[in-house]
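Peer 1: Supplied in structure tokens, the structure appears directly below.
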Amino acid sequence: MVAMEPVVTIDGPSGAGKSSVARVLAKRGGWRYLDTGSLYRALTLGLLSRGLAQVSNQRAEWICANVAAIRVGADLSAHDPKTFCNGAEVGHEIRGEAVTRNVSEVSALPCVRSGLLLLQRELIALGGIVVEGRDIGSVVWPQAAAKFYLTADLKARAQRRYAEGSTGIDINSVEGSIAERDQVDSTRVHSPLTIAEGAMIVDTTELTLEQVVERIWDEIERKLLS
Ligand code: DC
């Protein structure tokens with residue numbers, strides 16, 4: 001039995017299985033669930049609705065000038081998580097092509113990250129939560145009780161995203177888009193995708209969802225009970 005109100009962090013690249021694993025773990029522990037990628041995606045959607053796609057010069061300056069006009073939020077239920085942009089719930093559109101193509105550029109900017117960092121810390125502060133993202137164990141909540149880094153081969157990750165059917169029309173374009181985002185997310189200057197100190201690495205390429213969950217749950221129990 002895990003009886004505490006822990007913060008569990010799950011970082012890793014796109015398609016590594018973070019969302020499915022994090023939600024199952026949160027339900028099992030009776031904890032809340034936060035998908036921080038959806039906050040960056042909702043913000044990107046807000047910027048697109050203000051005209052980001054039409055901006056060709058000085059995009060970073062334009063984004064930083066517009067970001068304050070967009071409020072994002074989340075309902076942290078593991079059973080029915082919701083994301084909001086300016087008070088309206090956002091759905092599949094944040095997983096669509098336009099948002100996916102722009103989100104890495106948007107999320108690399110310090111003016112974006114600083115606002116979302118505060119929001120994420122406020123949401124996490126009560127504890128009892130599984131949080132997934134790129135920099136949760138390294139920057140957002142390095143003091144987490146248990147930290148994980150999920151990864152998988154690029155081909156396996158592209159296959160999973162393709163099967164979800166939301167990010168591309170053919171498997172090669174999905175693979176290309178993921179590889180591009182991996183590159184931007186892990187080489188950016190501010191809070192790059194990285195393996196947090198003390199994180200347990202789980203390669204999910206050959207594992208089922210259940211196997212990943214069992215492995216992580218065992219580690220959570222070990223960490224929280226020791
Ligand atoms: O997990 P995802 O694919 O929905 O994330 C979308 C983008 O958001 C990802 O390309 C990088 C960014 N992101 C981030 O910079 N930091 C996080 N903690 C989560 C996501």
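Letters A, B, ... go to the chains of the structure tokens in the order shown; residues in each chain start at 1; ligands are counted from 1 in the same order.
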Each residue of chain A with at least one atom at most 6 Å from ligand 1 should appear once, together with its nearest atom pair and the corresponding distance in Å (one decimal); atoms considered: only C-alpha atoms and all ligand atoms; ordering: chain, then increasing residue number; output as a tab-separated table.

Peer 2:
residue	atom	partner	partner_atom_place_in_ligand_line	distance
A:Ser14	CA	ligand 1	3 (O)	4.8
A:Thr36	CA	ligand 1	19 (C)	4.8
A:Gly37	CA	ligand 1	20 (C)	3.5
A:Ser38	CA	ligand 1	4 (O)	5.3
A:Tyr40	CA	ligand 1	8 (O)	5.0
A:Arg41	CA	ligand 1	6 (C)	5.9
A:Val103	CA	ligand 1	7 (C)	5.3
A:Ser104	CA	ligand 1	10 (O)	4.4
A:Ser107	CA	ligand 1	15 (O)	4.8
A:Gly133	CA	ligand 1	18 (N)	3.6
A:Arg134	CA	ligand 1	18 (N)	4.1
A:Asp135	CA	ligand 1	18 (N)	4.9
A:Ile136	CA	ligand 1	18 (N)	5.8
A:Arg181	CA	ligand 1	10 (O)	5.4
A:Asp185	CA	ligand 1	11 (C)	5.6

Peer 1: Store the residues of this selection in a file with N, CA and C atoms, as a compact mmCIF listing (two decimals), in the first residue's frame.

Peer 2:
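Written output follows (selection.txt):
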# COMPACT_ATOMS: atom_id res chain seq x y z
N SER A 14 8.02 12.34 -26.95
CA SER A 14 6.69 12.04 -27.46
C SER A 14 6.56 10.58 -27.86
N THR A 36 1.41 18.07 -18.65
CA THR A 36 1.89 19.45 -18.87
C THR A 36 2.03 19.78 -20.36
N GLY A 37 2.21 18.76 -21.19
CA GLY A 37 2.27 19.00 -22.64
C GLY A 37 0.97 19.63 -23.13
N SER A 38 -0.16 19.25 -22.51
CA SER A 38 -1.43 19.81 -22.96
C SER A 38 -1.52 21.30 -22.62
N TYR A 40 1.11 23.40 -22.79
CA TYR A 40 1.87 24.04 -23.88
C TYR A 40 1.07 23.99 -25.18
N ARG A 41 0.35 22.89 -25.37
CA ARG A 41 -0.46 22.77 -26.59
C ARG A 41 -1.63 23.76 -26.57
N VAL A 103 4.18 23.73 -31.56
CA VAL A 103 4.30 23.71 -30.09
C VAL A 103 5.75 23.69 -29.59
N SER A 104 6.65 23.04 -30.31
CA SER A 104 8.03 23.00 -29.83
C SER A 104 8.68 24.37 -29.89
N SER A 107 7.17 26.38 -27.03
CA SER A 107 7.55 25.97 -25.68
C SER A 107 9.05 26.15 -25.41
N GLY A 133 5.68 15.19 -18.51
CA GLY A 133 6.18 16.28 -19.34
C GLY A 133 7.58 16.02 -19.85
N ARG A 134 8.35 17.10 -19.91
CA ARG A 134 9.73 16.99 -20.40
C ARG A 134 10.74 17.38 -19.32
N ASP A 135 10.32 18.29 -18.43
CA ASP A 135 11.27 18.88 -17.46
C ASP A 135 10.70 18.86 -16.05
N ILE A 136 9.79 17.92 -15.78
CA ILE A 136 9.12 17.95 -14.47
C ILE A 136 10.09 17.52 -13.35
N ARG A 181 10.64 17.21 -33.34
CA ARG A 181 10.30 17.73 -32.01
C ARG A 181 11.30 17.25 -30.95
N ASP A 185 13.13 19.86 -28.66
CA ASP A 185 12.85 19.76 -27.22
C ASP A 185 14.11 19.43 -26.41

Peer 1: Residues near region 167-176 of chain A, anyone? I mean within 10 Å using only C-alpha atoms, not counting same-chain ones fewer than 6 positions away, as JSON, numbers by chain.

Peer 2: {"A": [95, 96, 97, 98, 99, 100, 101, 154, 155, 156, 157, 158, 159, 160, 161, 182]}

Peer 1: Taking N, CA and C atoms for each residue, export the selection above as a compact mmCIF listing (two decimals), in the first residue's frame.

Peer 2:
# COMPACT_ATOMS: atom_id res chain seq x y z
N ARG A 95 -4.28 18.29 -30.34
CA ARG A 95 -3.43 17.18 -30.84
C ARG A 95 -3.28 17.26 -32.35
N GLY A 96 -3.91 18.21 -32.98
CA GLY A 96 -3.91 18.30 -34.44
C GLY A 96 -2.58 18.80 -35.00
N GLU A 97 -2.55 18.80 -36.32
CA GLU A 97 -1.31 19.10 -37.05
C GLU A 97 -0.78 20.51 -36.78
N ALA A 98 -1.67 21.49 -36.78
CA ALA A 98 -1.22 22.89 -36.65
C ALA A 98 -0.55 23.12 -35.29
N VAL A 99 -1.19 22.63 -34.24
CA VAL A 99 -0.61 22.80 -32.90
C VAL A 99 0.69 22.01 -32.80
N THR A 100 0.66 20.78 -33.27
CA THR A 100 1.85 19.92 -33.17
C THR A 100 3.04 20.54 -33.90
N ARG A 101 2.78 21.17 -35.04
CA ARG A 101 3.86 21.76 -35.82
C ARG A 101 4.48 22.98 -35.11
N LEU A 154 12.49 5.34 -31.77
CA LEU A 154 11.72 6.30 -32.59
C LEU A 154 10.62 5.60 -33.38
N LYS A 155 10.94 4.44 -33.96
CA LYS A 155 9.94 3.76 -34.79
C LYS A 155 8.73 3.33 -33.96
N ALA A 156 9.00 2.81 -32.77
CA ALA A 156 7.90 2.37 -31.89
C ALA A 156 7.06 3.57 -31.48
N ARG A 157 7.70 4.68 -31.21
CA ARG A 157 6.96 5.88 -30.79
C ARG A 157 6.09 6.41 -31.93
N ALA A 158 6.67 6.41 -33.14
CA ALA A 158 5.91 6.89 -34.30
C ALA A 158 4.71 5.97 -34.54
N GLN A 159 4.92 4.68 -34.39
CA GLN A 159 3.83 3.71 -34.59
C GLN A 159 2.68 3.99 -33.64
N ARG A 160 3.01 4.26 -32.39
CA ARG A 160 1.96 4.54 -31.38
C ARG A 160 1.20 5.82 -31.74
N ARG A 161 1.94 6.87 -32.08
CA ARG A 161 1.28 8.13 -32.41
C ARG A 161 0.40 7.96 -33.66
N ASP A 182 11.74 15.99 -31.07
CA ASP A 182 12.77 15.48 -30.15
C ASP A 182 13.98 16.39 -30.17

Peer 1: I need the alpha helix (DSSP H) residues of region 93-167 of chain A per DSSP on the backbone, written as a PyMOL selection string.

Peer 2: chain A and resi 97-107+110-124+154-164

Peer 1: Which neighbours of Leu34 (chain A) fall inside 10 Å, counting only C-alpha atoms, when residues of the same chain fewer than 6 positions from it are skipped, and could you give them as a compact mmCIF listing (two decimals) with all heavy atoms, in the first residue's frame?

Peer 2:
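Contents of the output file around-v8.txt:
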# COMPACT_ATOMS: atom_id res chain seq x y z
N THR A 9 6.82 12.05 -11.00
CA THR A 9 7.07 12.72 -12.28
C THR A 9 7.43 11.69 -13.35
O THR A 9 8.14 10.73 -13.09
CB THR A 9 8.21 13.75 -12.17
OG1 THR A 9 9.45 13.07 -11.91
CG2 THR A 9 7.94 14.76 -11.08
N SER A 19 1.50 9.34 -21.19
CA SER A 19 0.12 9.66 -20.81
C SER A 19 -0.64 8.44 -20.34
O SER A 19 -1.29 8.47 -19.29
CB SER A 19 -0.64 10.27 -21.99
OG SER A 19 -0.01 11.44 -22.40
N ALA A 22 0.84 7.30 -16.99
CA ALA A 22 0.59 8.26 -15.91
C ALA A 22 -0.87 8.20 -15.45
O ALA A 22 -1.15 8.25 -14.25
CB ALA A 22 0.93 9.68 -16.37
N ARG A 23 -1.78 8.06 -16.38
CA ARG A 23 -3.21 8.02 -15.99
C ARG A 23 -3.54 6.75 -15.23
O ARG A 23 -4.27 6.78 -14.23
CB ARG A 23 -4.10 8.15 -17.22
CG ARG A 23 -4.24 9.60 -17.65
CD ARG A 23 -5.23 9.76 -18.76
NE ARG A 23 -6.60 9.55 -18.33
CZ ARG A 23 -7.65 9.67 -19.13
NH1 ARG A 23 -7.46 10.01 -20.40
NH2 ARG A 23 -8.87 9.47 -18.69
N ALA A 26 -2.13 7.14 -11.77
CA ALA A 26 -2.89 8.11 -10.96
C ALA A 26 -4.20 7.48 -10.47
O ALA A 26 -4.57 7.63 -9.31
CB ALA A 26 -3.16 9.37 -11.78
N ALA A 74 -6.26 23.60 -16.27
CA ALA A 74 -6.50 22.17 -16.39
C ALA A 74 -7.35 21.66 -15.23
O ALA A 74 -7.27 22.19 -14.12
CB ALA A 74 -5.17 21.43 -16.41
N ASP A 75 -8.17 20.65 -15.54
CA ASP A 75 -8.89 19.90 -14.52
C ASP A 75 -8.12 18.60 -14.35
O ASP A 75 -7.90 17.88 -15.34
CB ASP A 75 -10.32 19.65 -15.01
CG ASP A 75 -11.12 18.87 -13.98
OD1 ASP A 75 -10.54 17.99 -13.31
OD2 ASP A 75 -12.33 19.13 -13.85
N LEU A 76 -7.69 18.31 -13.14
CA LEU A 76 -6.67 17.28 -12.96
C LEU A 76 -7.25 15.90 -12.63
O LEU A 76 -6.54 15.06 -12.06
CB LEU A 76 -5.70 17.71 -11.87
CG LEU A 76 -5.10 19.11 -12.05
CD1 LEU A 76 -4.07 19.41 -10.97
CD2 LEU A 76 -4.46 19.27 -13.42
N SER A 77 -8.49 15.66 -12.98
CA SER A 77 -9.07 14.34 -12.73
C SER A 77 -8.38 13.30 -13.62
O SER A 77 -8.31 13.47 -14.84
CB SER A 77 -10.57 14.38 -13.06
OG SER A 77 -11.01 13.09 -13.42
N ALA A 78 -7.92 12.22 -13.01
CA ALA A 78 -7.27 11.15 -13.81
C ALA A 78 -8.30 10.43 -14.67
O ALA A 78 -7.96 9.85 -15.69
CB ALA A 78 -6.55 10.17 -12.89
N PRO A 81 -9.54 14.00 -17.51
CA PRO A 81 -8.74 15.24 -17.49
C PRO A 81 -9.21 16.23 -18.55
O PRO A 81 -9.63 15.82 -19.63
CB PRO A 81 -7.31 14.75 -17.80
CG PRO A 81 -7.47 13.44 -18.47
CD PRO A 81 -8.77 12.86 -18.02
N LYS A 82 -9.15 17.51 -18.21
CA LYS A 82 -9.59 18.53 -19.16
C LYS A 82 -8.56 19.64 -19.22
O LYS A 82 -7.89 19.93 -18.22
CB LYS A 82 -10.92 19.13 -18.71
CG LYS A 82 -12.10 18.19 -18.74
CD LYS A 82 -13.39 18.95 -18.44
CE LYS A 82 -14.63 18.10 -18.62
NZ LYS A 82 -14.92 17.24 -17.48
N THR A 83 -8.48 20.27 -20.39
CA THR A 83 -7.57 21.40 -20.57
C THR A 83 -8.38 22.58 -21.08
O THR A 83 -9.32 22.39 -21.86
CB THR A 83 -6.47 21.04 -21.60
OG1 THR A 83 -5.88 19.80 -21.22
CG2 THR A 83 -5.39 22.11 -21.65
N GLN A 120 2.20 25.37 -13.24
CA GLN A 120 2.43 23.94 -12.95
C GLN A 120 2.73 23.76 -11.46
O GLN A 120 2.23 22.84 -10.82
CB GLN A 120 3.60 23.41 -13.78
CG GLN A 120 3.28 23.30 -15.26
CD GLN A 120 4.54 23.03 -16.08
OE1 GLN A 120 4.97 21.88 -16.20
NE2 GLN A 120 5.14 24.06 -16.63
N LEU A 123 -0.38 23.97 -9.40
CA LEU A 123 -1.24 22.80 -9.55
C LEU A 123 -0.67 21.59 -8.81
O LEU A 123 -1.40 20.75 -8.29
CB LEU A 123 -1.42 22.45 -11.04
CG LEU A 123 -2.18 23.48 -11.89
CD1 LEU A 123 -2.10 23.13 -13.37
CD2 LEU A 123 -3.64 23.55 -11.45
N ILE A 124 0.65 21.50 -8.76
CA ILE A 124 1.29 20.33 -8.17
C ILE A 124 1.36 20.43 -6.64
O ILE A 124 1.37 19.41 -5.94
CB ILE A 124 2.73 20.17 -8.74
CG1 ILE A 124 2.69 19.87 -10.24
CG2 ILE A 124 3.51 19.08 -8.02
CD1 ILE A 124 4.04 19.97 -10.95
N ILE A 129 -0.25 13.51 -6.89
CA ILE A 129 -0.40 13.81 -8.32
C ILE A 129 0.69 13.10 -9.13
O ILE A 129 1.83 12.96 -8.67
CB ILE A 129 -0.36 15.35 -8.54
CG1 ILE A 129 -0.74 15.72 -9.98
CG2 ILE A 129 0.99 15.93 -8.16
CD1 ILE A 129 -1.07 17.20 -10.15
N VAL A 130 0.31 12.66 -10.31
CA VAL A 130 1.28 12.15 -11.29
C VAL A 130 1.36 13.21 -12.39
O VAL A 130 0.35 13.59 -12.96
CB VAL A 130 0.83 10.80 -11.88
CG1 VAL A 130 1.88 10.28 -12.86
CG2 VAL A 130 0.58 9.77 -10.78
N VAL A 131 2.58 13.68 -12.66
CA VAL A 131 2.78 14.77 -13.61
C VAL A 131 3.68 14.29 -14.74
O VAL A 131 4.76 13.77 -14.49
CB VAL A 131 3.46 15.99 -12.94
CG1 VAL A 131 3.42 17.19 -13.86
CG2 VAL A 131 2.81 16.31 -11.61
N GLU A 132 3.22 14.50 -15.96
CA GLU A 132 4.06 14.09 -17.09
C GLU A 132 4.49 15.29 -17.93
O GLU A 132 3.76 16.28 -18.02
CB GLU A 132 3.32 13.09 -17.97
CG GLU A 132 2.06 13.65 -18.58
CD GLU A 132 1.70 13.00 -19.90
OE1 GLU A 132 2.52 13.07 -20.83
OE2 GLU A 132 0.60 12.44 -19.99
N GLY A 133 5.68 15.19 -18.51
CA GLY A 133 6.18 16.28 -19.34
C GLY A 133 7.58 16.02 -19.85
O GLY A 133 7.93 14.89 -20.20

Peer 1: Find the residue from A:Gly17, A:Ala146, A:Glu210, A:Ala60 that sits nearest to Leu224 (chain A); use only C-alpha atoms when measuring.

Peer 2: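 Answer, going by the shortest atom-to-atom distance: A:Ala146.
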
Peer 1: Using only C-alpha atoms, tabulate the residues of region 39-120 of chain A lying at most 10 Å from any atom of region 191-207 of chain A, each with its closest atom pair and that distance in Å to one decimal, by chain and increasing residue number, as a Markdown table.

Peer 2:
| residue | atom | partner | partner_atom | distance |
| --- | --- | --- | --- | --- |
| A:Ser107 | CA | A:Ser191 | CA | 9.7 |
| A:Ala108 | CA | A:Ser191 | CA | 8.1 |
| A:Leu109 | CA | A:Ser191 | CA | 9.9 |
| A:Pro110 | CA | A:Ser191 | CA | 9.1 |
| A:Arg113 | CA | A:Ser191 | CA | 8.5 |

Peer 1: May I have the residues from that selection written out with C-alpha atoms, as a PDB file, in the first residue's frame?

Peer 2:
ATOM      1  CA  SER A 107       7.554  25.970 -25.679  1.00  0.00           C
ATOM      2  CA  ALA A 108      11.243  26.738 -26.195  1.00  0.00           C
ATOM      3  CA  LEU A 109      10.716  30.412 -25.283  1.00  0.00           C
ATOM      4  CA  PRO A 110      11.490  31.587 -21.733  1.00  0.00           C
ATOM      5  CA  ARG A 113       8.014  28.678 -19.859  1.00  0.00           C
TER       6      ARG A 113
END

Peer 1: Name the closest residue to Glu180 (chain A) among the candidates A:Pro13, A:Glu219, A:Ile94, A:Thr44; distances are taken between atoms, counting only C-alpha atoms.

Peer 2: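 Smallest separation from Glu180 (chain A) among the options: A:Pro13.
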
Peer 1: My list of candidates is A:Gly137, A:Gly46, A:Gly115, A:Gly165. Which is closest to Val8 (chain A) when distances are computed with only C-alpha atoms?

Peer 2: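 Distance minimum relative to Val8 (chain A) lands on A:Gly137.
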